[in-house]
Structure formats: C-alpha cells, structure tokens
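Engineer: Pasting a structure here, questions to come.
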Amino acid sequence: AQKITQTQPGMFVQEKEAVTLDCTYDTSDPSYGLFWYKQPSSGEMIFLIYQGSYDQQNATEGRYSLNFQKARKSANLVISASQLGDSAMYFCAMREGRVGNNDMRFGAGTRLTVKP
Amino acid sequence: DTEVTQTPKHLVMGMTNKKSLKCEQHMGHRAMYWYKQKAKKPPELMFVYSYEKLSINESVPSRFSPECPNSSLLNLHLHALQPEDSALYLCASSYMFGTDSYEQYFGPGTRLTVT
C-alpha cells in the first residue's frame, strides 16, 4: 500500500516567492520520521529537513520549513524566497519506528521549477 | 563531512560483463544502503547493511550481489545484467539502522547502462 503521497507532479514558482510542496502519509506506527530530499538533475539526493512524530515544533532549516499537521497526516515542505537553484525534484519520505521495519519509503516526487 | 562517494559515475556494460560499483563513507555511519532509481521515479531500496551484516534484501535478483568489506565501504557486484537494469544506482549511509530518526546521506550515484 502506498504510504507516502505527493499529489503534485510539477510545480512552478516565481523567483523570490514562497512555495509549498504537499506530502501526506499513512501509518499506524506512533513513532515515525518524515524527511524531505532534493534531487537536482545531477542525480544526488540532498537531505533537507527532518520531522519526528513526537516533535512538538515544526522543523526549520534555513529557507526550508516543514508544516507538520499530525492529525491530518501531512508534512508539507515550505521553501521561502525561492532561488533558481531550487529547481529540482523533491521527494518526501517516511521511516516507521517499529523494529524490523525500518526502510525509508519515498513518495513519487514533485518537480519544482523556479522561474526568473 | 557528510560526503558519500561513489565510483564510477557512469558505467556502460554488456549483458555478459562483470562489473562492480563502489561506495565509501567516512562519517562513522554503521548502516549503508543500495537503491535503484529509474528515470522519473523515486529510489527503490535494494539492500541494507547494518554493522557490516546484510539486514535487508528486497528480493533483488541474484545478478546483483552486495558486499560490505568494512564499515566504510560498500560494493555492488554486477553480473549478467539485463537492459532493464539500466538505472541510477544510489548508495546511502546513516548513523544507525533500526530507528526512525536518522537521515540518510546519499552519494552522487552511478548511471548504469546495460547494452
């Protein structure tokens, strides 16, 4: 069963504007971690931000913030002040905390294009 | 230093060849991973090594053979591959395997083409 859903295959944003990339997830495990990765055309997956299921505050890392709504099971990535270099594929991922089930599951990804 | 290195960057091989992909990290991570990524798709987990022992094999065909000679090095041996095995092969590492909180750091990948 699909556990991570990214419903936006592609998104466009004007340079210097903010953009939100959607991610919803499904799990019955009370302990889990949510991750966002950026993949430029070069191929490398770059870790951006992490949110734990027990974290009370939304995670932030520089221009990246994670809008974590636990009851709605959503973990949207917000990129502020978009730059041309933000154009890339973005993957949301989840890892559940149960022993023996610790592989990371990725969503289908969202391709972000930043327009000058 | 959060670097994972992979060699080679590109590889073209015939279906009868034997080749190996190499991955290295010096962050003291005890978990290492191999992923396969087809174009416009998310990465798919192939293997997980935890403390140099194989922990997960996601039903990968035997023509892919992983090896973890030490805590810093991970190899993927390739033999008798098929054209559909052409993909980007990503290596990753994390501090530990078995909890939900440790992020994985990825290498730049090897773009494999099987002719």
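All residue names refer to the structure tokens as shown: chains lettered A, B, ... in order, residues numbered from 1 in each chain, ligands numbered from 1 in order.
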Compute the set of chain A residues within 12 Å of chain B, using only C-alpha atoms, and express it as number ranges by chain.
Structural biologist: A: 4-6, 9-10, 29-55, 88-111
Engineer: Could you tell me, as number ranges by chain, which residues of chain A DSSP assigns to strand (DSSP E or B) when given the backbone?
Structural biologist: A: 4-5, 10-14, 19-21, 24-25, 32-39, 46-52, 60-61, 64-69, 74-79, 88-96, 105-106, 110-115
Engineer: Excluding His79 in chain B and its own-chain neighbours fewer than 2 positions away, which residues fall within 9 Å of it when counting only C-alpha atoms? Please give them as number ranges by chain.
Structural biologist: B: 15-20, 62-65, 77, 81
Engineer: Please report the interatomic distance between CA of Lys22 in chain B and CA of Leu76 in chain B in Å with one decimal.
Structural biologist: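 According to the coordinates, CA of Lys22 in chain B and CA of Leu76 in chain B are separated by 6.6 Å.
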Engineer: Of the residues B:Ala80, B:Leu74, B:Leu11, B:Met46, which is the one nearest to His26 in chain B, using only C-alpha atoms?
Structural biologist: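 Under the stated criterion, the closest residue is B:Leu74.
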Engineer: Pick out the residues sitting within 10 Å of Gly85 in chain A, and hand them over as a ChimeraX atom specification; count only C-alpha atoms, and ignore anything fewer than 2 positions along from it in its own chain.
Structural biologist: /A:15,40,82-83,87-88,113-114
Engineer: Keeping only C-alpha atoms, write those residues as a PDB file, in the first residue's frame.
Structural biologist:
ATOM      1  CA  GLU A  15      11.926  33.568  -8.073  1.00  0.00           C
ATOM      2  CA  PRO A  40      18.875  18.088  -8.861  1.00  0.00           C
ATOM      3  CA  SER A  82      12.812  30.648  -3.964  1.00  0.00           C
ATOM      4  CA  GLN A  83      16.055  30.701  -5.909  1.00  0.00           C
ATOM      5  CA  SER A  87      14.721  23.907  -9.402  1.00  0.00           C
ATOM      6  CA  ALA A  88      14.873  20.148  -8.809  1.00  0.00           C
ATOM      7  CA  THR A 113      10.686  24.819 -11.490  1.00  0.00           C
ATOM      8  CA  VAL A 114      11.694  28.302 -10.360  1.00  0.00           C
TER       9      VAL A 114
END
Engineer: What is the distance between CA of Thr5 in chain B and CA of Leu21 in chain B, in Å to one decimal?
Structural biologist: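 We find that CA of Thr5 in chain B and CA of Leu21 in chain B lie 10.8 Å from each other.
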